[in-house]
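Participant: There's a structure below that I have some questions on.
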Amino acid sequence: MATNLKPVDVAVIGLGAAGGVAVLPLAQAGLKVAGIEAGTWIDPHSYKPDEIYNNVRAGVTSVPKAKREIPTFRTSDNAKSRQGASHPMMNAIGGTSIHYHAQSWRYSPWDFKARSESIRRYGPNSIPKGSTLEDWPVTYDDLEHYYELCEYEIGVSGRAGNLNGVLTGRGNAFEGPRKREFPMPPLRDTDFTDTMADAARELGWKPFRGPAAINSQTYKNRPGCVYHGYCDRNGCHISAKNSTAVTTIPAALKTKHLTIFDKAQVTRILTDNHGKVTGVLYLRDNREYFQPAKVVLLASYTYENTRLLLLSKSMAYPKGLSNNHGQVGRHYFGHWDAQAGTGVSALFPRDLNIWYGAIAQNVTIDEWADDNFDHTGLGFIGGASIQVNTEKHPIAAAAMNTYGRAPQWGSKWKAFVHDNAGRWVSSYIQCNTFPYENTWLDLDPDVKDPLGDRVCRVTSGPKENEQRQALYTGEKMSDWFRSAGAIEVTRPNGGNGPALTTHAFGGTRMGANPETNVVNSYGFSHEASNLGILGASTFGTAGARNPTLTAQALAWRTADHLIKNWKSF
Amino acid sequence: MADITRRTVLASATFVPLAALTAAAQAPQTVLTPAQIKTLEAMVDRIIPKDELGPGAVESGAAVYIDRTLATVNAAEKPSFLEGLAGVEALAQSTHNTTFSDLSPDLRDELLITMDNGTAASFPAARAFFARVRRLTFEGMFGDPYYGGNRNFAGWDLIRYPGPRLAVSPDEQKMSTPPKPYRRSAYGSGTSNGH
């Protein structure tokens, strides 16, 4: 029997990038909030500049609960699924925002209406075959205020390209209009990023420094980045990376209205016979607890959001919570990006000295993203941001492509890497990605976690539109590298699509139509009115850039809606 | 834990120094027999040989690193790894009627090339095994010396990686003047092979 806990106003499942933001406005409004998190606090002193621990062994990210629930993956419903090697989910207070690269972008205004804008400009046949693309039920303008709130509360460094509709001549000329400049200047430039920026200008492009939730200077009593080059898959040893564990969660705790239940593994969301959710069942130290709540906000990772809904069956929801329309798990998509093999790498005739820095210390081009160029006759919509970064680790550097100039081992290889391990660089190509009929999430019939609950199964088929984007933008990346003096450049590759990914979208899509979407424009279930869902699982498209800030802005907006309409919940 | 009810975050805040715990748990256990180490060293010695550019994988402790991972984080792959080592010896016996480590460097290279390109006779797992040994050799050569390899920072010196610093100045990110080597483990020890 579960122990019944004292009721709260709002139970938030998962204190990560999204849930960790939502708790702040809720607690500040005086609502009694229970933050239920499977992980716990991590001591920043434990974060080391150690490639073996962070990258080879996934020591920071591969936490016990996540390891027990790794999703399976297959490419079609005829294929057999295989369990992944690791779970992109993170269980900790702060969640994935602890180890992310902290690239904190606003999506382009086009992203929110990619369908209608593409039809308007290129006709109805421009919508990719088999896609289930819809316009989002919110626009960039709806989110602008929440983007700004997050940028200032969390701390995002960068430089505006468009202030109130006026191009500044600096920053990203293609971004949506901002009402306010960033709270901090961008991360510092390096010789390498300057060289790449100059090369882009020679091509007539407008390079800029990407925005980062990393302090470029002291902000809210936390120090600026020290650029030590171990940001990837690692927390920040000086808390200059603005995870929710060092920003919004501590701020929410100060109100005394947030109580954190850590090491608490949520197993079900319960509902009454009227279809409203009543609270959350969780395990802690092998004991079961029930946390009653007036409102539940589900804010675990994309795969787990779908999984927990499908596992939470009841009289009112025999196919899983909020799934009476069969939409939970649908419209899933992984970000088509360099992880899908679309990256282009290059060898230069000089040392680049990009060992240190941070992935977020980058230079980016947006000319070939979104609808920033004419797609007439190209056979695809969308595109990609293309980017080069600093931060290179020694094992990865030595395991380099030898560009046909040397064998892969032995004395000749040794001489080659002696000269060249510090002279190559890869690129980050993030494609606009859309939902398709052939890509969805469900529960694997054969693979269970130790509790006997089936794990999430990813089915992800090929996508021609995204392959074409990747090939087209990969050629632009090649041009950029050659303009900067590269002597070898790998051929662009369209990629075969992401397997399990840290950029996972959909499954609980947001949309006005309850027949094709799980949540409404405020992130609340079309079926269970007091259930909100946070995170990229609500996205209808993947922007050509990292998704976290958009998930956070939406989370803040959901919380704001809840506060303003509390009496109707 | 009989008293779990509602706890404030401060009361339940348990700081877990993850890296420290995991690293401390890594006592230098090993699993390979002297004969197996000999075979492994004869392989990694050809993957990264000692030459005029400096120490190779053997001198840098890459085989020690691999042995330790098989006893700990890579324990699950120990059976297939041992089969791979036995396969290398069987290949040396069938082609040259001797042990692998007794072969000349050139003959070892010849056999390893057949493994690498998947043409080694009667050794179907050769390609995957070679790729795995190569990968682990890189980890041992270029990873933090804390784990038993990269002795005297030979791997970092080889590729001119200037070492993990806790803070990096603007000058240390310049292309024209690469930073001076900072030969130190992330775990603070200036010496290699401490664990």
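How things are named: the first chain in the structure tokens is A, the next is B, and so on; residues count from 1 in each chain; ligands count from 1 in the order shown.
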List the spatial neighbours of Pro79 in chain B as a list in words - criterion: any atom at most 12 Å away, only C-alpha atoms, same-chain residues fewer than 4 positions off excluded.

Facilitator: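 Returned residues: Val31, Leu32, Leu70, Ala71, Asn74, Ala75, Glu83, Gly84, Leu85, Ala86 and Phe129 of chain B.
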
Participant: Taking 3 positions as the minimum chain separation for residues in the same chain, which residues sit within 8 Å of Trp355 in chain A when counting only C-alpha atoms? Answer as a ChimeraX atom specification.

Facilitator: /A:229,390-393,422 /B:161-162

Participant: Counting only C-alpha atoms, which residues of chain A come no farther than 7 Å from chain B, as an MDAnalysis selection string?

Facilitator: chainID A and resid 41:43 46:52 190:192 226:228 259:261 351:354 356 394:395 409:411 414 417:418 421

Participant: Would you mind exporting N, CA and C atoms of the selected residues as a tab-separated table (two decimals), in the first residue's frame?

Facilitator:
```tsv
chain	number	residue	atom	x	y	z
A	41	TRP	N	20.71	15.97	-5.94
A	41	TRP	CA	21.71	17.02	-6.19
A	41	TRP	C	23.04	16.38	-6.55
A	42	ILE	N	23.76	17.00	-7.45
A	42	ILE	CA	25.12	16.56	-7.74
A	42	ILE	C	26.07	17.68	-7.32
A	43	ASP	N	27.11	17.29	-6.61
A	43	ASP	CA	28.11	18.26	-6.15
A	43	ASP	C	28.94	18.73	-7.34
A	46	SER	N	32.37	17.42	-8.24
A	46	SER	CA	32.60	16.09	-8.84
A	46	SER	C	32.81	16.18	-10.35
A	47	TYR	N	32.58	17.35	-10.94
A	47	TYR	CA	32.74	17.47	-12.40
A	47	TYR	C	34.21	17.66	-12.75
A	48	LYS	N	34.75	16.72	-13.54
A	48	LYS	CA	36.18	16.71	-13.82
A	48	LYS	C	36.46	16.88	-15.31
A	49	PRO	N	37.61	17.45	-15.62
A	49	PRO	CA	38.04	17.49	-17.04
A	49	PRO	C	38.61	16.13	-17.44
A	50	ASP	N	37.75	15.14	-17.58
A	50	ASP	CA	38.17	13.75	-17.76
A	50	ASP	C	37.33	13.12	-18.87
A	51	GLU	N	37.94	12.97	-20.04
A	51	GLU	CA	37.23	12.44	-21.21
A	51	GLU	C	36.78	11.00	-20.98
A	52	ILE	N	37.61	10.22	-20.28
A	52	ILE	CA	37.22	8.81	-20.04
A	52	ILE	C	35.95	8.78	-19.20
A	190	THR	N	37.67	33.55	-30.32
A	190	THR	CA	39.03	32.98	-30.35
A	190	THR	C	39.60	33.21	-31.74
A	191	ASP	N	40.88	32.97	-31.89
A	191	ASP	CA	41.50	33.06	-33.23
A	191	ASP	C	40.74	32.18	-34.21
A	192	PHE	N	40.38	30.98	-33.76
A	192	PHE	CA	39.73	30.04	-34.67
A	192	PHE	C	38.34	30.53	-35.07
A	226	VAL	N	35.22	29.66	-17.68
A	226	VAL	CA	36.68	29.62	-17.73
A	226	VAL	C	37.19	28.77	-18.89
A	227	TYR	N	36.28	28.36	-19.78
A	227	TYR	CA	36.64	27.80	-21.09
A	227	TYR	C	37.60	26.62	-21.01
A	228	HIS	N	37.39	25.71	-20.07
A	228	HIS	CA	38.38	24.63	-19.90
A	228	HIS	C	38.17	23.47	-20.87
A	259	THR	N	8.75	22.08	-2.47
A	259	THR	CA	9.38	21.00	-1.72
A	259	THR	C	9.89	19.98	-2.74
A	260	ILE	N	11.15	19.61	-2.60
A	260	ILE	CA	11.71	18.65	-3.54
A	260	ILE	C	11.68	17.25	-2.92
A	261	PHE	N	11.13	16.31	-3.66
A	261	PHE	CA	11.17	14.90	-3.28
A	261	PHE	C	12.18	14.26	-4.22
A	351	ASP	N	47.80	24.50	-36.85
A	351	ASP	CA	47.17	24.15	-35.58
A	351	ASP	C	46.01	25.10	-35.31
A	352	LEU	N	44.88	24.53	-34.91
A	352	LEU	CA	43.69	25.34	-34.67
A	352	LEU	C	43.57	25.75	-33.20
A	353	ASN	N	44.22	24.98	-32.35
A	353	ASN	CA	44.14	25.22	-30.91
A	353	ASN	C	42.69	25.39	-30.43
A	354	ILE	N	41.90	24.37	-30.74
A	354	ILE	CA	40.51	24.38	-30.27
A	354	ILE	C	40.32	23.36	-29.15
A	356	TYR	N	40.58	23.79	-25.98
A	356	TYR	CA	39.83	24.39	-24.88
A	356	TYR	C	38.58	25.06	-25.43
A	394	PRO	N	41.22	14.73	-26.19
A	394	PRO	CA	42.35	14.04	-26.81
A	394	PRO	C	42.02	12.68	-27.46
A	395	ILE	N	41.19	11.85	-26.84
A	395	ILE	CA	40.92	10.54	-27.46
A	395	ILE	C	40.17	10.75	-28.77
A	409	TRP	N	46.51	3.06	-38.14
A	409	TRP	CA	47.32	2.68	-36.98
A	409	TRP	C	48.75	2.44	-37.44
A	410	GLY	N	49.67	2.28	-36.50
A	410	GLY	CA	51.07	2.03	-36.85
A	410	GLY	C	51.88	3.32	-36.87
A	411	SER	N	53.14	3.20	-37.23
A	411	SER	CA	54.07	4.34	-37.16
A	411	SER	C	53.66	5.50	-38.06
A	414	LYS	N	50.92	7.25	-36.48
A	414	LYS	CA	51.41	7.99	-35.32
A	414	LYS	C	51.99	9.34	-35.75
A	417	VAL	N	49.00	11.68	-36.72
A	417	VAL	CA	48.24	12.33	-35.64
A	417	VAL	C	49.12	13.29	-34.83
A	418	HIS	N	50.42	13.02	-34.80
A	418	HIS	CA	51.32	13.97	-34.15
A	418	HIS	C	51.15	15.35	-34.80
A	421	ALA	N	46.34	15.93	-35.22
A	421	ALA	CA	45.23	15.77	-34.27
A	421	ALA	C	44.69	17.14	-33.84
```

Participant: Run DSSP on the backbone and tell me which residues of range 34-73 of chain B come out as helix (DSSP H, G or I); list them as a ChimeraX atom specification.

Facilitator: /B:34-47,62-71

Participant: Rounded to one decimal place, report the CA of Thr244 in chain A-CA of Asp442 in chain A distance in Å.

Facilitator: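 Value for the CA of Thr244 in chain A-CA of Asp442 in chain A distance: 29.2 Å.
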
Participant: Point out the residue among A:Ser118, A:Thr364, A:Gln327, A:Ser76 with the least atom-to-atom distance to Lys206 in chain A, counting only C-alpha atoms.

Facilitator: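 Answer, going by the shortest atom-to-atom distance: A:Thr364.
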
Participant: Show me, as a compact mmCIF listing (two decimals) with N, CA, C and O atoms, in the first residue's frame, the residues that have an atom within 6 Å of range 539-542 of chain A when counting only C-alpha atoms, minus same-chain residues fewer than 2 positions from it.

Facilitator:
```
# COMPACT_ATOMS: atom_id res chain seq x y z
N ASN A 432 16.14 21.47 -39.64
CA ASN A 432 14.71 21.56 -39.34
C ASN A 432 14.15 20.16 -39.56
O ASN A 432 14.36 19.57 -40.62
N THR A 433 13.47 19.62 -38.58
CA THR A 433 12.97 18.26 -38.70
C THR A 433 11.48 18.24 -38.41
O THR A 433 11.02 18.98 -37.54
N PHE A 434 10.77 17.39 -39.16
CA PHE A 434 9.31 17.39 -39.10
C PHE A 434 8.79 16.02 -38.67
O PHE A 434 9.47 15.02 -38.82
N PHE A 505 11.76 14.87 -29.96
CA PHE A 505 10.59 15.74 -29.98
C PHE A 505 9.31 14.94 -30.17
O PHE A 505 9.32 13.89 -30.81
N GLY A 506 8.21 15.51 -29.73
CA GLY A 506 6.90 14.96 -30.04
C GLY A 506 6.52 13.79 -29.15
O GLY A 506 7.17 13.48 -28.17
N ARG A 509 2.24 15.91 -28.77
CA ARG A 509 2.31 17.16 -29.52
C ARG A 509 1.25 18.18 -29.08
O ARG A 509 0.13 17.82 -28.71
N ALA A 536 10.21 19.11 -24.79
CA ALA A 536 10.18 19.06 -26.25
C ALA A 536 9.21 18.02 -26.78
O ALA A 536 8.96 17.96 -27.98
N SER A 537 8.62 17.20 -25.90
CA SER A 537 7.62 16.24 -26.36
C SER A 537 6.37 16.95 -26.88
O SER A 537 5.54 16.34 -27.54
```

Participant: List the spatial neighbours of Asp371 in chain A as a count of residues only - criterion: any atom at most 9 Å away, only C-alpha atoms, same-chain residues fewer than 3 positions off excluded.

Facilitator: 12

Participant: Counting only C-alpha atoms, what is within 6 Å of range 306-323 of chain A, bar same-chain residues fewer than 5 positions away, as a ChimeraX atom specification?

Facilitator: /A:268-269,273,275,328-329,456,507,527

Participant: Find the residues near range 547-563 of chain A: any atom within 7 Å, counting only C-alpha atoms, skip ones fewer than 3 places away on the same chain, and give them as a VMD selection string.

Facilitator: chain A and resid 17 to 18 21 to 22 25 to 26 29 104 to 107 143 146 to 147 150 522 to 523 534 to 536 566

Participant: Restrict the selected residues to N, CA and C atoms and save them as a PDB file, in the first residue's frame.

Facilitator:
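The resulting selection20.pdb:
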```pdb
ATOM      1  N   ALA A  17      15.348  20.503 -17.287  1.00  0.00           N
ATOM      2  CA  ALA A  17      15.401  21.779 -18.002  1.00  0.00           C
ATOM      3  C   ALA A  17      14.042  22.468 -18.004  1.00  0.00           C
ATOM      4  N   ALA A  18      12.948  21.708 -18.170  1.00  0.00           N
ATOM      5  CA  ALA A  18      11.617  22.311 -18.283  1.00  0.00           C
ATOM      6  C   ALA A  18      10.923  22.397 -16.919  1.00  0.00           C
ATOM      7  N   VAL A  21      12.269  24.927 -14.598  1.00  0.00           N
ATOM      8  CA  VAL A  21      11.874  26.314 -14.868  1.00  0.00           C
ATOM      9  C   VAL A  21      10.458  26.567 -14.362  1.00  0.00           C
ATOM     10  N   ALA A  22       9.532  25.640 -14.643  1.00  0.00           N
ATOM     11  CA  ALA A  22       8.124  25.867 -14.293  1.00  0.00           C
ATOM     12  C   ALA A  22       7.930  26.071 -12.792  1.00  0.00           C
ATOM     13  N   PRO A  25       7.989  30.227 -11.406  1.00  0.00           N
ATOM     14  CA  PRO A  25       6.796  31.084 -11.363  1.00  0.00           C
ATOM     15  C   PRO A  25       5.691  30.494 -10.488  1.00  0.00           C
ATOM     16  N   LEU A  26       5.541  29.189 -10.467  1.00  0.00           N
ATOM     17  CA  LEU A  26       4.493  28.573  -9.637  1.00  0.00           C
ATOM     18  C   LEU A  26       4.735  28.870  -8.165  1.00  0.00           C
ATOM     19  N   ALA A  29       4.257  32.433  -7.218  1.00  0.00           N
ATOM     20  CA  ALA A  29       2.844  32.811  -7.148  1.00  0.00           C
ATOM     21  C   ALA A  29       2.194  32.303  -5.863  1.00  0.00           C
ATOM     22  N   SER A 104      21.413  28.193 -26.244  1.00  0.00           N
ATOM     23  CA  SER A 104      20.079  28.624 -25.807  1.00  0.00           C
ATOM     24  C   SER A 104      19.424  29.527 -26.846  1.00  0.00           C
ATOM     25  N   TRP A 105      18.832  28.875 -27.818  1.00  0.00           N
ATOM     26  CA  TRP A 105      18.269  29.583 -28.973  1.00  0.00           C
ATOM     27  C   TRP A 105      16.786  29.857 -28.806  1.00  0.00           C
ATOM     28  N   ARG A 106      16.348  30.936 -29.406  1.00  0.00           N
ATOM     29  CA  ARG A 106      14.936  31.106 -29.721  1.00  0.00           C
ATOM     30  C   ARG A 106      14.718  30.458 -31.087  1.00  0.00           C
ATOM     31  N   TYR A 107      13.583  29.773 -31.226  1.00  0.00           N
ATOM     32  CA  TYR A 107      13.258  29.255 -32.555  1.00  0.00           C
ATOM     33  C   TYR A 107      12.891  30.418 -33.461  1.00  0.00           C
ATOM     34  N   LEU A 143       5.446  33.659 -27.685  1.00  0.00           N
ATOM     35  CA  LEU A 143       6.520  33.159 -26.810  1.00  0.00           C
ATOM     36  C   LEU A 143       7.563  34.203 -26.468  1.00  0.00           C
ATOM     37  N   TYR A 146       8.162  35.111 -22.922  1.00  0.00           N
ATOM     38  CA  TYR A 146       8.658  34.000 -22.089  1.00  0.00           C
ATOM     39  C   TYR A 146      10.112  33.666 -22.421  1.00  0.00           C
ATOM     40  N   TYR A 147      10.463  33.826 -23.678  1.00  0.00           N
ATOM     41  CA  TYR A 147      11.887  33.697 -24.032  1.00  0.00           C
ATOM     42  C   TYR A 147      12.709  34.694 -23.214  1.00  0.00           C
ATOM     43  N   CYS A 150      13.047  33.804 -19.514  1.00  0.00           N
ATOM     44  CA  CYS A 150      14.022  32.716 -19.320  1.00  0.00           C
ATOM     45  C   CYS A 150      15.444  33.231 -19.515  1.00  0.00           C
ATOM     46  N   TYR A 522      -1.570  25.774 -24.433  1.00  0.00           N
ATOM     47  CA  TYR A 522      -0.926  26.096 -23.153  1.00  0.00           C
ATOM     48  C   TYR A 522      -0.227  24.893 -22.538  1.00  0.00           C
ATOM     49  N   GLY A 523      -0.241  23.778 -23.244  1.00  0.00           N
ATOM     50  CA  GLY A 523       0.459  22.600 -22.734  1.00  0.00           C
ATOM     51  C   GLY A 523      -0.400  21.712 -21.856  1.00  0.00           C
ATOM     52  N   LEU A 534       5.235  19.229 -20.148  1.00  0.00           N
ATOM     53  CA  LEU A 534       6.316  20.170 -20.446  1.00  0.00           C
ATOM     54  C   LEU A 534       7.432  19.454 -21.191  1.00  0.00           C
ATOM     55  N   GLY A 535       8.191  20.228 -21.943  1.00  0.00           N
ATOM     56  CA  GLY A 535       9.360  19.675 -22.618  1.00  0.00           C
ATOM     57  C   GLY A 535       9.150  19.576 -24.114  1.00  0.00           C
ATOM     58  N   ALA A 536      10.206  19.111 -24.788  1.00  0.00           N
ATOM     59  CA  ALA A 536      10.185  19.058 -26.252  1.00  0.00           C
ATOM     60  C   ALA A 536       9.206  18.016 -26.777  1.00  0.00           C
ATOM     61  N   TRP A 566      -5.937  29.742 -12.104  1.00  0.00           N
ATOM     62  CA  TRP A 566      -5.883  28.729 -11.056  1.00  0.00           C
ATOM     63  C   TRP A 566      -7.278  28.275 -10.616  1.00  0.00           C
TER      64      TRP A 566
END
```

Participant: Mind the document's chain letters and residue numbers, and return as number ranges by chain the residues of range 338-449 of chain A that DSSP labels strand (DSSP E).

Facilitator: A: 346-347, 362-365, 384-389, 424-425, 428-431, 439-448

Participant: Considering only C-alpha atoms, can you say which of A:Ser460, A:Ser521, A:Thr218, A:Asn172 comes closest to Phe73 in chain A?

Facilitator: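 Among the listed residues, the smallest separation from Phe73 in chain A belongs to A:Ser460.
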
Participant: Can you list, as a CSV table (one decimal) with all heavy atoms, in the first residue's frame, every protein, DNA or RNA residue that comes within 12 Å of Leu203 in chain A when you count only C-alpha atoms, leaving out same-chain residues fewer than 2 positions away?

Facilitator:
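See out08.csv below for the written result:
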```
chain,number,residue,atom,x,y,z
A,196,MET,N,37.1,31.6,-38.9
A,196,MET,CA,35.9,31.1,-39.5
A,196,MET,C,34.9,32.2,-39.8
A,196,MET,O,34.2,32.1,-40.9
A,196,MET,CB,35.2,30.0,-38.7
A,196,MET,CG,36.0,28.7,-38.6
A,196,MET,SD,36.4,27.9,-40.1
A,196,MET,CE,34.8,27.4,-40.7
A,197,ALA,N,34.7,33.1,-38.9
A,197,ALA,CA,33.8,34.2,-39.2
A,197,ALA,C,34.3,35.0,-40.4
A,197,ALA,O,33.5,35.4,-41.3
A,197,ALA,CB,33.7,35.1,-38.0
A,198,ASP,N,35.6,35.3,-40.5
A,198,ASP,CA,36.1,36.0,-41.7
A,198,ASP,C,35.8,35.3,-43.0
A,198,ASP,O,35.4,35.9,-44.0
A,198,ASP,CB,37.6,36.3,-41.5
A,198,ASP,CG,37.9,37.3,-40.4
A,198,ASP,OD1,37.0,38.0,-40.0
A,198,ASP,OD2,39.1,37.3,-40.0
A,199,ALA,N,36.0,34.0,-42.9
A,199,ALA,CA,35.8,33.1,-44.1
A,199,ALA,C,34.4,33.2,-44.5
A,199,ALA,O,34.0,33.2,-45.7
A,199,ALA,CB,36.2,31.7,-43.8
A,200,ALA,N,33.4,33.2,-43.6
A,200,ALA,CA,32.0,33.3,-43.9
A,200,ALA,C,31.7,34.6,-44.5
A,200,ALA,O,30.9,34.7,-45.5
A,200,ALA,CB,31.2,33.1,-42.6
A,201,ARG,N,32.3,35.7,-44.0
A,201,ARG,CA,32.0,37.0,-44.6
A,201,ARG,C,32.5,37.1,-46.0
A,201,ARG,O,31.9,37.7,-46.9
A,201,ARG,CB,32.7,38.1,-43.8
A,201,ARG,CG,31.9,38.4,-42.5
A,201,ARG,CD,32.5,39.6,-41.7
A,201,ARG,NE,32.1,39.5,-40.3
A,201,ARG,CZ,32.9,39.0,-39.4
A,201,ARG,NH1,34.2,38.7,-39.6
A,201,ARG,NH2,32.5,38.8,-38.1
A,205,TRP,N,28.2,35.8,-46.3
A,205,TRP,CA,27.3,35.4,-45.2
A,205,TRP,C,27.5,36.3,-44.0
A,205,TRP,O,28.4,37.0,-43.9
A,205,TRP,CB,27.6,33.9,-44.8
A,205,TRP,CG,27.5,32.9,-46.0
A,205,TRP,CD1,26.9,33.1,-47.2
A,205,TRP,CD2,28.0,31.6,-46.0
A,205,TRP,NE1,27.0,32.0,-48.0
A,205,TRP,CE2,27.6,31.0,-47.3
A,205,TRP,CE3,28.6,30.8,-45.1
A,205,TRP,CZ2,28.0,29.7,-47.6
A,205,TRP,CZ3,29.0,29.5,-45.5
A,205,TRP,CH2,28.6,29.0,-46.7
A,206,LYS,N,26.5,36.1,-43.1
A,206,LYS,CA,26.6,36.9,-41.9
A,206,LYS,C,26.8,36.0,-40.6
A,206,LYS,O,25.8,35.6,-40.0
A,206,LYS,CB,25.2,37.7,-41.8
A,206,LYS,CG,25.1,38.7,-42.9
A,206,LYS,CD,23.8,39.5,-42.8
A,206,LYS,CE,22.6,38.8,-43.5
A,206,LYS,NZ,22.7,38.5,-44.9
A,207,PRO,N,28.0,35.8,-40.3
A,207,PRO,CA,28.3,34.9,-39.2
A,207,PRO,C,28.0,35.6,-37.8
A,207,PRO,O,28.1,36.8,-37.8
A,207,PRO,CB,29.8,34.6,-39.3
A,207,PRO,CG,30.3,35.9,-40.0
A,207,PRO,CD,29.2,36.3,-40.9
A,365,ILE,N,26.1,30.1,-38.8
A,365,ILE,CA,25.6,30.6,-40.1
A,365,ILE,C,24.1,30.3,-40.2
A,365,ILE,O,23.8,29.1,-40.0
A,365,ILE,CB,26.3,30.1,-41.3
A,365,ILE,CG1,27.8,30.4,-41.3
A,365,ILE,CG2,25.7,30.6,-42.6
A,365,ILE,CD1,28.1,31.9,-41.3
A,367,GLU,N,22.1,31.4,-42.9
A,367,GLU,CA,21.7,31.7,-44.2
A,367,GLU,C,20.9,30.5,-44.8
A,367,GLU,O,20.0,30.7,-45.7
A,367,GLU,CB,22.9,31.9,-45.1
A,367,GLU,CG,23.2,33.4,-45.4
A,367,GLU,CD,23.9,34.0,-44.2
A,367,GLU,OE1,24.1,33.4,-43.2
A,367,GLU,OE2,24.2,35.2,-44.2
A,476,LYS,N,27.2,23.6,-48.2
A,476,LYS,CA,27.5,25.0,-47.7
A,476,LYS,C,28.6,24.9,-46.7
A,476,LYS,O,29.5,25.8,-46.6
A,476,LYS,CB,26.3,25.6,-47.1
A,476,LYS,CG,25.1,25.7,-48.1
A,476,LYS,CD,25.4,26.5,-49.3
A,476,LYS,CE,24.2,26.6,-50.2
A,476,LYS,NZ,24.6,27.2,-51.5
A,477,MET,N,28.6,23.9,-45.8
A,477,MET,CA,29.6,23.8,-44.8
A,477,MET,C,31.0,23.5,-45.4
A,477,MET,O,32.0,24.1,-45.0
A,477,MET,CB,29.2,22.6,-43.8
A,477,MET,CG,30.1,22.5,-42.6
A,477,MET,SD,30.0,23.9,-41.5
A,477,MET,CE,31.7,24.5,-41.5
A,478,SER,N,31.0,22.7,-46.5
A,478,SER,CA,32.2,22.4,-47.2
A,478,SER,C,32.8,23.7,-47.8
A,478,SER,O,34.0,24.0,-47.7
A,478,SER,CB,32.0,21.4,-48.4
A,478,SER,OG,31.5,20.2,-47.9
A,479,ASP,N,31.9,24.5,-48.4
A,479,ASP,CA,32.3,25.8,-49.0
A,479,ASP,C,33.0,26.7,-47.9
A,479,ASP,O,34.0,27.3,-48.1
A,479,ASP,CB,31.1,26.5,-49.6
A,479,ASP,CG,30.5,25.8,-50.8
A,479,ASP,OD1,31.2,24.9,-51.3
A,479,ASP,OD2,29.4,26.2,-51.1
A,480,TRP,N,32.3,26.6,-46.7
A,480,TRP,CA,32.8,27.5,-45.6
A,480,TRP,C,34.2,27.0,-45.2
A,480,TRP,O,35.1,27.8,-45.0
A,480,TRP,CB,31.8,27.4,-44.5
A,480,TRP,CG,32.0,28.3,-43.4
A,480,TRP,CD1,32.9,29.4,-43.3
A,480,TRP,CD2,31.3,28.3,-42.1
A,480,TRP,NE1,32.8,30.0,-42.1
A,480,TRP,CE2,31.8,29.4,-41.3
A,480,TRP,CE3,30.3,27.5,-41.6
A,480,TRP,CZ2,31.4,29.7,-40.1
A,480,TRP,CZ3,29.8,27.8,-40.3
A,480,TRP,CH2,30.4,28.9,-39.5
A,481,PHE,N,34.4,25.7,-45.0
A,481,PHE,CA,35.7,25.2,-44.6
A,481,PHE,C,36.8,25.6,-45.7
A,481,PHE,O,37.9,26.0,-45.3
A,481,PHE,CB,35.6,23.7,-44.4
A,481,PHE,CG,35.2,23.2,-43.0
A,481,PHE,CD1,34.3,22.2,-42.9
A,481,PHE,CD2,35.6,23.9,-41.9
A,481,PHE,CE1,33.9,21.7,-41.7
A,481,PHE,CE2,35.2,23.5,-40.6
A,481,PHE,CZ,34.3,22.4,-40.5
A,482,ARG,N,36.4,25.4,-46.9
A,482,ARG,CA,37.4,25.6,-48.0
A,482,ARG,C,37.8,27.1,-48.0
A,482,ARG,O,38.9,27.5,-48.2
A,482,ARG,CB,36.9,25.2,-49.3
A,482,ARG,CG,36.8,23.6,-49.4
A,482,ARG,CD,36.8,23.1,-50.8
A,482,ARG,NE,36.5,21.7,-50.8
A,482,ARG,CZ,37.4,20.7,-50.5
A,482,ARG,NH1,38.7,21.1,-50.2
A,482,ARG,NH2,37.1,19.4,-50.5
A,483,SER,N,36.7,28.0,-47.8
A,483,SER,CA,37.0,29.4,-47.8
A,483,SER,C,37.9,29.8,-46.6
A,483,SER,O,38.7,30.7,-46.7
A,483,SER,CB,35.6,30.1,-47.6
A,483,SER,OG,35.8,31.5,-47.3
A,484,ALA,N,37.9,29.0,-45.6
A,484,ALA,CA,38.8,29.2,-44.4
A,484,ALA,C,40.2,28.6,-44.6
A,484,ALA,O,41.0,28.7,-43.7
A,484,ALA,CB,38.1,28.7,-43.1
```

Participant: Please indicate the distance in Å from CA of Gly404 in chain A to CA of Pro492 in chain A, rounded to one decimal place.

Facilitator: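 Calculated distance between CA of Gly404 in chain A and CA of Pro492 in chain A is 16.1 Å.
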